[in-house]
>>> print(open('structure-v4.txt').read())   # compact mmCIF, C-alpha atoms and all ligand atoms
# COMPACT_ATOMS: atom_id res chain seq x y z
CA MET A 112 0.00 0.00 0.00
CA ALA A 113 1.26 3.43 -0.90
CA ALA A 114 2.28 5.85 1.82
CA LYS A 115 -0.05 8.77 2.43
CA THR A 116 1.30 12.27 2.20
CA LEU A 117 -0.20 14.92 4.42
CA THR A 118 0.68 18.38 5.68
CA ILE A 119 1.00 18.87 9.42
CA ASP A 120 1.70 22.40 10.62
CA ASP A 121 3.14 23.32 7.20
CA HIS A 122 5.46 20.27 7.08
CA LEU A 123 5.01 17.55 4.48
CA VAL A 124 4.78 14.23 6.31
CA SER A 125 4.39 10.72 4.96
CA ALA A 126 2.44 8.18 6.95
CA ARG A 127 1.54 4.51 6.61
CA PRO A 128 -2.03 3.79 5.53
CA GLY A 129 -4.12 2.80 8.52
CA GLU A 130 -2.13 4.97 10.85
CA THR A 131 -3.93 7.40 13.10
CA LEU A 132 -3.31 11.10 12.80
CA LEU A 133 -1.90 11.04 16.34
CA GLU A 134 0.77 8.54 15.28
CA ALA A 135 1.65 10.64 12.23
CA ILE A 136 1.82 13.82 14.33
CA ARG A 137 4.14 12.15 16.83
CA GLU A 138 6.34 10.70 14.09
CA ALA A 139 6.71 14.25 12.77
CA GLY A 140 8.16 15.16 16.16
CA ILE A 141 5.19 17.31 17.15
CA VAL A 142 3.87 17.03 20.68
CA ILE A 143 0.15 17.43 21.32
CA PRO A 144 -1.54 16.75 24.64
CA THR A 145 -3.36 13.42 25.10
CA LEU A 146 -4.91 11.81 28.14
CA CYS A 147 -7.30 8.96 27.31
CA HIS A 148 -4.91 7.59 24.66
CA LEU A 149 -2.38 5.07 25.91
CA ASP A 150 -0.02 3.21 23.60
CA GLY A 151 -1.09 -0.43 23.59
CA LEU A 152 -4.80 0.20 24.23
CA SER A 153 -7.62 0.84 21.77
CA ASP A 154 -8.66 4.48 21.38
CA VAL A 155 -11.98 5.88 22.55
CA GLY A 156 -11.69 9.64 21.94
CA ALA A 157 -12.98 10.44 25.41
CA CYS A 158 -10.87 13.34 26.64
CA ARG A 159 -10.80 15.56 23.50
CA LEU A 160 -7.36 16.91 24.37
CA CYS A 161 -5.84 15.74 21.08
CA LEU A 162 -8.31 17.75 18.95
CA VAL A 163 -6.78 19.17 15.76
CA GLU A 164 -8.01 21.30 12.88
CA ILE A 165 -8.32 19.62 9.49
CA GLU A 166 -8.70 21.84 6.44
CA GLY A 167 -12.11 21.52 4.80
CA GLN A 168 -13.77 20.15 7.95
CA ARG A 169 -15.71 22.50 10.14
CA ARG A 170 -15.57 20.29 13.21
CA LEU A 171 -12.41 19.70 15.17
CA GLN A 172 -11.30 16.06 15.12
CA PRO A 173 -9.57 13.98 17.81
CA ALA A 174 -6.22 12.94 16.32
CA CYS A 175 -6.26 9.60 18.14
CA MET A 176 -9.52 8.58 16.42
CA THR A 177 -8.83 9.96 12.92
CA MET A 178 -7.12 7.92 10.20
CA VAL A 179 -4.58 9.63 7.97
CA SER A 180 -5.65 10.26 4.40
CA GLU A 181 -3.93 11.51 1.28
CA GLY A 182 -3.60 15.29 1.03
CA MET A 183 -4.89 16.03 4.54
CA VAL A 184 -3.87 19.47 5.80
CA VAL A 185 -3.70 19.51 9.59
CA ARG A 186 -3.04 22.18 12.20
CA THR A 187 -2.15 21.01 15.70
CA SER A 188 -1.71 24.15 17.71
CA THR A 189 -3.83 27.14 16.62
CA PRO A 190 -4.93 29.67 19.26
CA ARG A 191 -8.42 28.15 19.14
CA LEU A 192 -7.05 24.65 19.90
CA GLN A 193 -4.84 26.00 22.65
CA ALA A 194 -7.81 27.74 24.26
CA TYR A 195 -9.96 24.60 24.13
CA ARG A 196 -7.20 22.41 25.56
CA ARG A 197 -6.71 24.70 28.50
CA GLN A 198 -10.45 24.78 29.08
CA ILE A 199 -10.64 20.98 29.05
CA VAL A 200 -7.85 20.64 31.61
CA GLU A 201 -9.44 23.32 33.80
CA LEU A 202 -12.76 21.45 33.74
CA LEU A 203 -11.00 18.22 34.73
CA PHE A 204 -9.51 19.99 37.75
CA ALA A 205 -12.83 21.64 38.63
CA GLU A 206 -14.83 18.42 38.44
CA ARG A 207 -13.08 16.35 41.15
CA ASN A 208 -10.82 17.14 44.09
CA HIS A 209 -7.23 17.46 42.93
CA VAL A 210 -4.95 18.42 45.78
CA CYS A 211 -1.50 17.78 44.33
CA ALA A 212 0.21 18.73 47.58
CA VAL A 213 -1.19 15.65 49.31
CA CYS A 214 -1.54 13.30 46.33
CA VAL A 215 0.26 9.99 45.83
CA ALA A 216 0.90 10.86 42.17
CA SER A 217 2.36 14.35 42.60
CA GLY A 218 5.44 14.67 40.40
CA ASN A 219 4.44 11.53 38.44
CA CYS A 220 1.04 12.58 37.17
CA GLU A 221 -0.10 13.10 33.59
CA LEU A 222 -2.82 15.55 34.61
CA GLN A 223 -0.37 17.66 36.59
CA ARG A 224 1.97 17.71 33.58
CA LEU A 225 -0.89 18.63 31.27
CA ALA A 226 -1.76 21.60 33.49
CA ALA A 227 1.76 22.95 32.98
CA MET A 228 1.74 22.10 29.28
CA VAL A 229 -1.48 23.96 28.47
CA GLY A 230 -0.57 26.96 30.63
CA MET A 231 -3.23 26.42 33.30
CA ASP A 232 -1.95 28.97 35.82
CA HIS A 233 -5.38 28.96 37.51
CA VAL A 234 -8.84 27.45 37.04
CA ARG A 235 -11.53 29.90 35.91
CA TYR A 236 -14.47 27.64 36.77
CA ASP A 237 -16.08 27.01 40.14
CA TYR A 238 -14.73 23.87 41.78
CA LEU A 239 -17.54 21.35 42.21
CA SER A 240 -15.89 19.81 45.32
CA PRO A 241 -17.86 16.55 45.08
CA ASP A 242 -17.95 14.17 48.02
CA CYS A 243 -16.00 11.25 46.51
CA SER A 244 -15.18 7.92 48.08
CA VAL A 245 -11.88 6.09 48.44
CA ASP A 246 -12.00 2.29 48.28
CA ILE A 247 -9.12 0.44 49.90
CA SER A 248 -10.87 -2.90 50.29
CA HIS A 249 -8.45 -4.55 47.84
CA PRO A 250 -5.38 -5.96 49.58
CA ARG A 251 -2.89 -4.48 47.07
CA PHE A 252 -4.47 -1.44 45.43
CA GLY A 253 -6.74 1.47 46.21
CA ILE A 254 -9.03 3.66 44.11
CA ASP A 255 -9.50 7.32 45.03
CA HIS A 256 -12.39 8.76 43.02
CA ASN A 257 -11.29 12.28 43.96
CA ARG A 258 -8.47 11.95 41.42
CA CYS A 259 -10.24 10.06 38.62
CA VAL A 260 -10.59 11.81 35.24
CA LEU A 261 -12.76 9.05 33.71
CA CYS A 262 -10.27 8.39 30.93
CA THR A 263 -11.25 4.67 31.04
CA ARG A 264 -7.66 3.53 30.61
CA CYS A 265 -8.14 1.15 33.56
CA VAL A 266 -11.28 -0.28 31.95
CA ARG A 267 -9.48 -0.92 28.66
CA ALA A 268 -6.27 -2.28 30.22
CA CYS A 269 -8.25 -4.76 32.32
CA ASP A 270 -10.50 -5.79 29.43
CA GLU A 271 -8.09 -5.80 26.49
CA ILE A 272 -4.83 -6.93 28.07
CA GLU A 273 -5.75 -8.88 31.16
CA GLY A 274 -8.94 -10.11 29.48
CA VAL A 275 -10.97 -9.81 32.64
CA HIS A 276 -13.14 -6.66 32.49
CA THR A 277 -13.36 -6.02 36.21
CA TRP A 278 -13.73 -2.27 35.58
CA ASP A 279 -16.55 -0.38 33.96
CA VAL A 280 -18.19 3.03 34.13
CA ALA A 281 -21.53 3.57 35.86
CA GLY A 282 -23.67 6.70 36.09
CA ARG A 283 -23.80 9.75 33.85
CA GLY A 284 -22.30 13.23 33.81
CA VAL A 285 -20.87 14.37 37.15
CA GLN A 286 -22.28 11.23 38.79
CA ALA A 287 -20.21 8.91 36.57
CA ARG A 288 -17.75 6.67 38.42
CA VAL A 289 -15.51 3.78 37.47
CA ILE A 290 -16.76 0.65 39.21
CA THR A 291 -15.50 -2.87 39.86
CA ASP A 292 -17.69 -5.87 39.01
CA MET A 293 -21.33 -5.12 39.98
CA ASN A 294 -20.45 -1.79 41.62
CA GLN A 295 -19.13 -3.50 44.75
CA PRO A 296 -16.00 -2.94 46.86
CA TRP A 297 -12.93 -3.81 44.78
CA GLY A 298 -11.72 -6.27 47.44
CA THR A 299 -14.88 -8.36 46.99
CA SER A 300 -14.47 -8.61 43.21
CA THR A 301 -14.49 -12.21 42.00
CA THR A 302 -13.00 -11.33 38.59
CA CYS A 303 -9.97 -9.21 39.59
CA THR A 304 -6.73 -11.18 39.28
CA SER A 305 -4.71 -8.52 41.16
CA CYS A 306 -2.47 -8.15 38.10
CA GLY A 307 -2.06 -4.38 38.60
CA LYS A 308 -2.47 -3.41 34.94
CA CYS A 309 -5.18 -0.84 35.75
CA GLN A 310 -2.75 0.76 38.16
CA LEU A 311 -0.07 0.89 35.47
CA ALA A 312 -2.50 2.43 32.99
CA CYS A 313 -3.98 5.07 35.30
CA PRO A 314 -2.60 8.53 34.41
CA THR A 315 -3.37 10.12 37.78
CA GLY A 316 -3.32 9.25 41.46
CA ALA A 317 -6.74 7.56 41.23
CA ILE A 318 -5.49 3.96 41.26
CA PHE A 319 -2.49 3.44 43.47
CA PRO A 320 -0.58 0.63 45.18
CA ARG A 321 -1.51 0.49 48.85
CA GLY A 322 1.11 1.78 51.23
CA VAL A 323 2.38 4.64 49.07
CA THR A 324 2.13 8.18 50.34
CA VAL A 325 2.50 11.67 48.84
CA GLY A 326 4.47 11.63 45.59
CA GLU A 327 5.39 7.95 45.96
CA ARG A 328 3.14 6.42 43.32
CA PRO A 329 5.43 5.53 40.42
CA HIS A 330 4.26 6.38 36.93
CA ALA A 331 4.70 3.44 34.61
CA SER A 332 1.97 3.68 31.95
CA GLU A 333 4.51 2.87 29.21
CA ARG A 334 4.72 -0.66 30.65
CA ILE A 335 1.31 -1.38 29.06
CA ALA A 336 2.89 -1.03 25.58
CA LEU A 337 5.88 -3.13 26.74
CA ILE A 338 3.57 -5.95 27.83
CA ILE A 339 1.98 -5.96 24.37
CA GLU A 340 5.44 -5.95 22.71
CA ALA A 341 6.65 -8.81 24.89
CA ARG A 342 3.58 -10.91 24.07
CA LYS A 343 4.12 -10.41 20.35
CA GLN A 344 7.65 -11.73 20.64
CA ARG A 345 6.61 -14.78 22.62
CA TRP A 346 3.59 -15.81 20.60
CA MET B 261 14.32 54.84 41.27
CA SER B 262 11.83 55.08 44.11
CA ARG B 263 11.65 52.15 46.48
CA LEU B 264 8.94 49.58 45.87
CA ARG B 265 6.32 49.07 48.58
CA ILE B 266 5.73 45.34 49.06
CA ALA B 267 3.18 43.59 51.29
CA THR B 268 2.50 39.93 52.03
CA ILE B 269 -0.67 38.60 53.62
CA TRP B 270 -1.45 35.26 55.21
CA LEU B 271 -5.02 34.01 54.71
CA GLY B 272 -6.15 30.36 54.79
CA GLY B 273 -2.74 28.72 54.49
CA CYS B 274 -0.20 26.98 56.69
CA SER B 275 2.46 29.76 56.53
CA GLY B 276 4.63 27.43 54.43
CA CYS B 277 4.63 29.92 51.55
CA HIS B 278 5.95 32.60 53.90
CA MET B 279 8.60 30.14 55.14
CA SER B 280 9.62 29.62 51.53
CA PHE B 281 9.81 33.40 51.14
CA LEU B 282 12.23 33.45 54.10
CA ASP B 283 14.21 30.75 52.27
CA LEU B 284 15.30 33.53 49.90
CA ASP B 285 18.12 33.86 52.45
CA GLU B 286 20.76 36.42 51.47
CA TRP B 287 18.69 37.62 48.52
CA LEU B 288 16.35 39.12 51.15
CA ILE B 289 19.13 41.59 51.86
CA GLU B 290 19.22 42.58 48.20
CA LEU B 291 15.44 42.83 48.23
CA ALA B 292 15.57 45.05 51.30
CA ALA B 293 17.91 47.36 49.42
CA ARG B 294 15.33 47.90 46.70
CA ALA B 295 11.99 47.59 48.47
CA ASP B 296 10.19 48.18 51.75
CA LEU B 297 8.09 45.46 53.35
CA VAL B 298 5.19 47.65 54.47
CA TYR B 299 2.79 44.97 55.72
CA SER B 300 3.34 41.28 56.48
CA PRO B 301 3.02 38.65 59.23
CA ILE B 302 6.78 39.18 59.60
CA ALA B 303 6.58 43.00 59.73
CA ASP B 304 5.22 45.21 62.48
CA ALA B 305 2.16 46.92 60.99
CA LYS B 306 -1.40 46.79 62.27
CA HIS B 307 -3.33 48.00 59.23
CA PHE B 308 -2.93 47.32 55.56
CA PRO B 309 -1.38 50.57 54.25
CA ALA B 310 -2.31 52.64 51.21
CA GLU B 311 -0.41 52.73 47.94
CA VAL B 312 1.24 49.35 47.96
CA ASP B 313 2.99 48.36 44.73
CA LEU B 314 2.94 44.59 45.09
CA THR B 315 1.08 42.23 47.43
CA LEU B 316 1.71 38.49 47.71
CA ILE B 317 -1.31 36.63 49.05
CA GLU B 318 -0.73 33.28 50.74
CA GLY B 319 -3.73 31.08 51.43
CA ALA B 320 -7.28 30.56 50.25
CA ILE B 321 -10.32 32.61 51.25
CA ALA B 322 -11.85 30.62 54.10
CA SER B 323 -13.41 33.25 56.42
CA ASP B 324 -15.10 36.66 56.32
CA GLU B 325 -11.88 38.19 57.64
CA HIS B 326 -9.88 36.72 54.74
CA ARG B 327 -12.40 38.07 52.27
CA GLU B 328 -12.24 41.59 53.70
CA LEU B 329 -8.45 41.68 53.89
CA ALA B 330 -8.17 40.44 50.30
CA LYS B 331 -10.53 43.20 49.16
CA THR B 332 -8.59 45.84 51.07
CA ALA B 333 -5.33 44.54 49.59
CA ARG B 334 -6.81 44.72 46.10
CA ARG B 335 -8.06 48.30 46.58
CA GLN B 336 -4.74 49.45 47.95
CA SER B 337 -2.26 47.52 45.76
CA LYS B 338 -1.23 47.96 42.15
CA CYS B 339 -0.35 44.31 41.65
CA ILE B 340 -1.64 41.16 43.35
CA VAL B 341 0.08 37.77 43.21
CA SER B 342 -1.73 34.58 44.25
CA PHE B 343 1.13 33.08 46.19
CA GLY B 344 1.13 29.27 46.44
CA ASP B 345 -1.40 26.50 45.75
CA CYS B 346 -3.86 27.46 48.53
CA ALA B 347 -4.24 30.95 47.04
CA VAL B 348 -4.35 29.59 43.47
CA THR B 349 -6.58 26.50 43.85
CA GLY B 350 -7.85 26.32 47.44
CA ASN B 351 -5.56 23.30 47.92
CA VAL B 352 -5.38 21.78 51.41
CA THR B 353 -7.50 24.59 52.89
CA ALA B 354 -10.36 23.62 50.56
CA LEU B 355 -10.26 19.93 51.58
CA ARG B 356 -13.21 20.68 53.84
CA ASN B 357 -15.49 21.74 50.98
CA PRO B 358 -16.92 18.26 50.27
CA LEU B 359 -18.11 18.14 53.92
CA GLY B 360 -20.67 20.84 53.13
CA PRO B 361 -21.43 24.23 54.74
CA ALA B 362 -19.36 25.67 57.61
CA ARG B 363 -21.74 24.49 60.32
CA ASN B 364 -21.30 20.84 59.21
CA VAL B 365 -17.53 21.24 59.28
CA LEU B 366 -17.57 22.82 62.76
CA GLN B 367 -19.97 20.15 64.01
CA GLN B 368 -17.67 17.38 62.73
CA VAL B 369 -14.53 18.92 64.22
CA TYR B 370 -15.72 20.33 67.55
CA VAL B 371 -18.49 17.88 68.39
CA GLU B 372 -18.51 14.55 66.54
CA HIS B 373 -14.78 13.95 66.41
CA SER B 374 -13.80 15.71 69.59
CA ASP B 375 -13.21 13.82 72.79
CA PRO B 376 -14.58 15.00 75.13
CA ARG B 377 -17.30 16.57 72.99
CA GLY B 378 -16.72 20.27 72.65
CA VAL B 379 -18.89 23.21 71.72
CA ILE B 380 -18.78 25.17 68.50
CA PRO B 381 -16.95 28.44 69.23
CA HIS B 382 -19.09 31.50 68.63
CA GLU B 383 -17.66 34.93 69.44
CA PRO B 384 -18.86 37.41 66.82
CA GLY B 385 -16.33 40.16 66.24
CA ILE B 386 -13.56 38.12 67.84
CA ILE B 387 -13.51 34.79 66.01
CA PRO B 388 -13.83 35.19 62.22
CA LEU B 389 -16.81 33.47 60.62
CA LEU B 390 -15.98 30.54 58.35
CA LEU B 391 -17.37 30.82 54.85
CA ASP B 392 -19.48 27.91 53.62
CA LYS B 393 -17.07 27.28 50.78
CA VAL B 394 -13.32 27.85 50.69
CA VAL B 395 -12.42 29.55 47.39
CA PRO B 396 -9.23 30.57 45.62
CA VAL B 397 -8.27 34.25 45.82
CA HIS B 398 -9.23 35.02 42.21
CA GLN B 399 -12.86 34.15 42.96
CA VAL B 400 -13.01 37.13 45.32
CA ILE B 401 -10.71 39.74 43.75
CA PRO B 402 -8.93 40.10 40.39
CA VAL B 403 -5.43 38.62 40.52
CA ASP B 404 -2.51 39.70 38.31
CA TYR B 405 -0.12 36.74 38.61
CA TYR B 406 -0.37 33.17 39.84
CA LEU B 407 2.55 31.39 41.48
CA SER B 408 1.61 27.72 41.98
CA GLY B 409 3.47 25.33 44.29
CA CYS B 410 3.03 24.03 47.81
CA PRO B 411 5.04 25.93 48.66
CA PRO B 412 6.61 27.64 45.62
CA SER B 413 10.38 27.24 45.92
CA ALA B 414 12.49 30.23 46.87
CA SER B 415 14.08 30.28 43.41
CA ARG B 416 10.67 30.54 41.75
CA ILE B 417 9.61 33.32 44.14
CA ARG B 418 12.83 35.13 43.35
CA ALA B 419 12.36 34.78 39.58
CA LEU B 420 8.91 36.36 39.88
CA LEU B 421 10.01 39.16 42.21
CA GLU B 422 13.08 40.01 40.12
CA ALA B 423 10.97 40.41 37.00
CA LEU B 424 8.42 42.57 38.81
CA LEU B 425 11.13 44.70 40.44
CA GLU B 426 12.66 45.35 37.05
CA GLY B 427 9.30 46.09 35.47
CA ARG B 428 9.55 43.06 33.18
CA GLU B 429 6.59 40.80 32.41
CA PRO B 430 7.35 37.69 34.52
CA LEU B 431 7.43 34.25 32.90
CA VAL B 432 5.83 32.21 35.66
CA ASP B 433 6.29 28.45 35.32
CA ILE B 434 3.43 26.25 36.48
CA ARG B 435 4.08 23.58 39.09
CA TYR B 436 1.26 22.41 41.33
CA GLY B 437 2.06 20.49 44.49
S1 LIG C 1 -4.05 13.18 40.36
FE1 LIG C 1 -2.42 14.49 39.55
S2 LIG C 1 -3.42 16.49 39.25
FE2 LIG C 1 -4.74 15.27 40.60
S3 LIG C 1 -4.09 15.82 42.67
FE3 LIG C 1 -2.90 14.01 42.09
S4 LIG C 1 -1.00 14.87 41.26
FE4 LIG C 1 -2.47 16.53 41.28
S1 LIG C 2 -9.22 5.27 37.66
FE1 LIG C 2 -7.48 6.14 36.54
S2 LIG C 2 -7.39 4.99 34.61
FE2 LIG C 2 -9.41 4.59 35.51
S3 LIG C 2 -10.75 6.13 34.56
FE3 LIG C 2 -10.03 7.01 36.50
S4 LIG C 2 -8.20 8.19 35.94
FE4 LIG C 2 -8.63 6.82 34.22
S1 LIG C 3 0.28 26.42 49.41
FE1 LIG C 3 1.15 24.81 50.73
S2 LIG C 3 2.83 25.86 51.76
FE2 LIG C 3 1.49 27.45 50.91
S3 LIG C 3 0.04 27.91 52.54
FE3 LIG C 3 -0.92 26.36 51.30
S4 LIG C 3 -0.38 24.43 52.32
FE4 LIG C 3 1.01 25.96 53.08
S1 LIG C 4 -6.22 11.40 23.53
FE1 LIG C 4 -7.50 11.66 21.81
S2 LIG C 4 -9.43 12.09 22.71
FE2 LIG C 4 -8.17 11.64 24.45
>>> encode(input="structure-v4.txt", output="C-alpha cells", more="lines below")
Ligand code: SF4
Ligand code: SF4
Ligand code: SF4
Ligand code: FES
Amino acid sequence: MAAKTLTIDDHLVSARPGETLLEAIREAGIVIPTLCHLDGLSDVGACRLCLVEIEGQRRLQPACMTMVSEGMVVRTSTPRLQAYRRQIVELLFAERNHVCAVCVASGNCELQRLAAMVGMDHVRYDYLSPDCSVDISHPRFGIDHNRCVLCTRCVRACDEIEGVHTWDVAGRGVQARVITDMNQPWGTSTTCTSCGKCQLACPTGAIFPRGVTVGERPHASERIALIIEARKQRW
Amino acid sequence: MSRLRIATIWLGGCSGCHMSFLDLDEWLIELAARADLVYSPIADAKHFPAEVDLTLIEGAIASDEHRELAKTARRQSKCIVSFGDCAVTGNVTALRNPLGPARNVLQQVYVEHSDPRGVIPHEPGIIPLLLDKVVPVHQVIPVDYYLSGCPPSASRIRALLEALLEGREPLVDIRYG
C-alpha cells in the first residue's frame, strides 16, 4: 500500500495507511496533549485533548480517532485549539478534588503535567468539590475517586490486556464513576486477578498501590505497551 | 528609582509559603535594598497601608476576615500575586469543601470527632466566621499573577520578584504540588 502524504503544521509528512493522525503527528516530532490515549490500548476519543483542525472540515477532530488520508492538511496548535485544551484541563480539575500537595501521584502525574503544558496557571471555573469515596478494600491497590478523570484507561487495560473486564463506568455526567464488578467494593471482586495493569494504565493518582504516600506512586503507563510488545515476541 | 512598597498577607494557608519566602536567604538583603516590606506577618504593621505596589497573598479565602483583607489589599495595591497553591486553587484549605457548609464542618470537628465533645466556638467580632465554601483568591478579587506550588520554591519566588522589580513581564512556570 502506498504511503499517504499529508501536511501537518506546514510540514510535508508521509504516513503509513491505517495509521492514526496522532501517530503521524508524533512521528513528525510534534507534541500534542493526550490523556485517554495510551499506547497499547484501543482508542476511545474520550478526553478531547488531542483535537486538531483539518482543512475543509468545520468540526475539530480527535487525532487519536482519525485515520490519515492523502492530502490532509492539519493544524495542531492554533490559538483556538490551545484555548480549548486549556479549558478541558481546567474542567478536569474543577470536576473532582485534585490536591497535588497531598496526592500519591504528585510529580508523576499526567494531569499535573498537562496543566503545565497547556498553561493552566489557575482554574476559571467554580470547583464542584464533590464528596468522593476512596475504596481500599483490595489488599494491594486502592481507588481514590477524587483523582479520577474518567479516561477509562483502567477499563481498557483490564479488558483488552488482562482479558478480565473487572472495571466499567456507571452513572452519567458528574455522577459517573468507574466501578469494579457489579459496583461493589474492589476487594470483593471475583473477577480481579490482582495483576495491577489498571494501576499501570492510570494517568493520575486515582489507582495506586496500597502503602504509598504523597508523591510515591510511580508512573509506569509505558509498561502497558511493553507488555503488548513482549507478548508479540513470545507468541 | 523610588523604592517599591511590598506587602504579604497570610489568609487560609499553613504559613509554608511565607517560610519559603524566608528561604530567599541572602537575597532578602538585596530585596531590602530595593523595596520596603510595608505589611506582612513578619513585619510590624497593624493596618494594611495605602499605595502598595505589590502584594503576595498566601492562602485561600476561608473566612469573612480573609475576604475583607483580600478586598482591602486589592483596593490598595497595584499588583496582586496569588502566592502558592492554597491561594491559586484552594488546595489543602479547601479539603473541607466536600463536607458541606461551615456548620457541618464545625460540628464534625468540635463535636462529633472531639473527645470530650466540645462546643462550637461563637464569638462574633472576635472569632472570624468561616465561609461555607473555601475559594481561591481570584474568585473574590482580580489577581494579576499566579505562582503555583506548595510551597513555591524560593528560586521561583525570586524569579517572579526580580521580574516585577525590574518592570519586566514575569514568565511564571506552572508547578502544582
Ligand atoms: S491526580 Fe495528579 S493532578 Fe490530581 S491531585 Fe494528584 S498529582 Fe495533582
Ligand atoms: S481510575 Fe485512573 S485509569 Fe481509571 S478512569 Fe479514573 S483516571 Fe482513568
Ligand atoms: S500552598 Fe502549601 S505551603 Fe502554601 S500555605 Fe498552602 S499548604 Fe502551606
Ligand atoms: S487522547 Fe484523543 S481524545 Fe483523548
>>> residues_near_ligand(input="structure-v4.txt", ligand="ligand LIG 2 (chain C)", cutoff="7 Å", atoms="all atoms listed in the file", output="list of chain:residue names")
A:Ile254, A:Arg258, A:Cys259, A:Val260, A:Leu261, A:Cys262, A:Thr263, A:Arg264, A:Cys265, A:Val266, A:Val289, A:Cys309, A:Ala312, A:Cys313, A:Pro314, A:Thr315, A:Ala317, A:Ile318
>>> interface_residues(input="structure-v4.txt", of="chain A", to="chain B", cutoff="6 Å", atoms="all atoms listed in the file", output="PyMOL selection string")
chain A and resi 210-212+227+240-242
>>> closest_atom_pairs(input="structure-v4.txt", of="chain A", to="ligand LIG 1 (chain C)", cutoff="10 Å", atoms="only C-alpha atoms and all ligand atoms", output="Markdown table")
| residue | atom | partner | partner_atom | distance |
| --- | --- | --- | --- | --- |
| A:Val200 | CA | C:LIG1 | S2 | 9.8 |
| A:Leu203 | CA | C:LIG1 | S2 | 9.0 |
| A:Phe204 | CA | C:LIG1 | S2 | 7.2 |
| A:Arg207 | CA | C:LIG1 | FE2 | 8.4 |
| A:Asn208 | CA | C:LIG1 | S3 | 7.0 |
| A:His209 | CA | C:LIG1 | S3 | 3.6 |
| A:Val210 | CA | C:LIG1 | S3 | 4.1 |
| A:Cys211 | CA | C:LIG1 | FE4 | 3.4 |
| A:Ala212 | CA | C:LIG1 | S3 | 7.1 |
| A:Val213 | CA | C:LIG1 | S3 | 7.2 |
| A:Cys214 | CA | C:LIG1 | FE3 | 4.5 |
| A:Val215 | CA | C:LIG1 | FE3 | 6.3 |
| A:Ala216 | CA | C:LIG1 | S4 | 4.5 |
| A:Ser217 | CA | C:LIG1 | S4 | 3.7 |
| A:Gly218 | CA | C:LIG1 | S4 | 6.5 |
| A:Asn219 | CA | C:LIG1 | S4 | 7.0 |
| A:Cys220 | CA | C:LIG1 | FE1 | 4.6 |
| A:Glu221 | CA | C:LIG1 | FE1 | 6.5 |
| A:Leu222 | CA | C:LIG1 | S2 | 4.8 |
| A:Gln223 | CA | C:LIG1 | S2 | 4.2 |
| A:Arg224 | CA | C:LIG1 | S2 | 7.9 |
| A:Leu225 | CA | C:LIG1 | S2 | 8.6 |
| A:Ala226 | CA | C:LIG1 | S2 | 7.9 |
| A:Asp255 | CA | C:LIG1 | S1 | 9.3 |
| A:His256 | CA | C:LIG1 | S1 | 9.8 |
| A:Asn257 | CA | C:LIG1 | FE2 | 7.9 |
| A:Arg258 | CA | C:LIG1 | S1 | 4.7 |
| A:Cys259 | CA | C:LIG1 | S1 | 7.1 |
| A:Val260 | CA | C:LIG1 | S1 | 8.4 |
| A:Cys313 | CA | C:LIG1 | S1 | 9.6 |
| A:Pro314 | CA | C:LIG1 | S1 | 7.7 |
| A:Thr315 | CA | C:LIG1 | S1 | 4.1 |
| A:Gly316 | CA | C:LIG1 | S1 | 4.1 |
| A:Ala317 | CA | C:LIG1 | S1 | 6.3 |
| A:Ile318 | CA | C:LIG1 | S1 | 9.4 |
| A:Val325 | CA | C:LIG1 | S4 | 8.9 |
| A:Gly326 | CA | C:LIG1 | S4 | 7.7 |
| A:Arg328 | CA | C:LIG1 | S4 | 9.6 |
>>> write_last_selection(input="structure-v4.txt", atoms="C-alpha atoms", output="tab-separated table (two decimals), in the frame of the given file")
chain	number	residue	atom	x	y	z
A	200	VAL	CA	-7.85	20.64	31.61
A	203	LEU	CA	-11.00	18.22	34.73
A	204	PHE	CA	-9.51	19.99	37.75
A	207	ARG	CA	-13.08	16.35	41.15
A	208	ASN	CA	-10.82	17.14	44.09
A	209	HIS	CA	-7.23	17.46	42.93
A	210	VAL	CA	-4.95	18.42	45.78
A	211	CYS	CA	-1.50	17.78	44.33
A	212	ALA	CA	0.21	18.73	47.58
A	213	VAL	CA	-1.19	15.65	49.31
A	214	CYS	CA	-1.54	13.30	46.33
A	215	VAL	CA	0.26	9.99	45.83
A	216	ALA	CA	0.90	10.86	42.17
A	217	SER	CA	2.36	14.35	42.60
A	218	GLY	CA	5.44	14.67	40.40
A	219	ASN	CA	4.44	11.53	38.44
A	220	CYS	CA	1.04	12.58	37.17
A	221	GLU	CA	-0.10	13.10	33.59
A	222	LEU	CA	-2.82	15.55	34.61
A	223	GLN	CA	-0.37	17.66	36.59
A	224	ARG	CA	1.97	17.71	33.58
A	225	LEU	CA	-0.89	18.63	31.27
A	226	ALA	CA	-1.76	21.60	33.49
A	255	ASP	CA	-9.50	7.32	45.03
A	256	HIS	CA	-12.39	8.76	43.02
A	257	ASN	CA	-11.29	12.28	43.96
A	258	ARG	CA	-8.47	11.95	41.42
A	259	CYS	CA	-10.24	10.06	38.62
A	260	VAL	CA	-10.59	11.81	35.24
A	313	CYS	CA	-3.98	5.07	35.30
A	314	PRO	CA	-2.60	8.53	34.41
A	315	THR	CA	-3.37	10.12	37.78
A	316	GLY	CA	-3.32	9.25	41.46
A	317	ALA	CA	-6.74	7.56	41.23
A	318	ILE	CA	-5.49	3.96	41.26
A	325	VAL	CA	2.50	11.67	48.84
A	326	GLY	CA	4.47	11.63	45.59
A	328	ARG	CA	3.14	6.42	43.32
>>> closest_residue(input="structure-v4.txt", among="A:Gly151, A:Val163, A:His122, A:Tyr238", to="ligand LIG 4 (chain C)", atoms="only C-alpha atoms and all ligand atoms")
A:Val163
>>> atom_distance(input="structure-v4.txt", atom1="CA of Thr187 (chain A)", atom2="CA of Glu138 (chain A)")
13.5 Å
>>> residues_near_ligand(input="structure-v4.txt", ligand="ligand LIG 4 (chain C)", cutoff="12 Å", atoms="all atoms listed in the file", output="ChimeraX atom specification")
/A:131-134,142-150,152-163,171-177,196,199-200,221,225,260-264,314
>>> residues_around(input="structure-v4.txt", residues="Tyr236 (chain A)", least_positions_apart="2", cutoff="10 Å", atoms="all atoms listed in the file", output="ChimeraX atom specification")
/A:198,201-202,204-206,233-234,238-239 /B:399
>>> atom_distance(input="structure-v4.txt", atom1="CA of Val341 (chain B)", atom2="CA of Glu318 (chain B)")
8.8 Å
>>> residues_around(input="structure-v4.txt", residues="Asp392 (chain B)", least_positions_apart="4", cutoff="9 Å", atoms="only C-alpha atoms", output="compact mmCIF listing (two decimals) with C-alpha atoms, keeping the file's coordinate frame")
# COMPACT_ATOMS: atom_id res chain seq x y z
CA ALA B 322 -11.85 30.62 54.10
CA SER B 323 -13.41 33.25 56.42
CA ASN B 357 -15.49 21.74 50.98
CA GLY B 360 -20.67 20.84 53.13
CA PRO B 361 -21.43 24.23 54.74
CA ALA B 362 -19.36 25.67 57.61
CA ARG B 363 -21.74 24.49 60.32
CA VAL B 365 -17.53 21.24 59.28
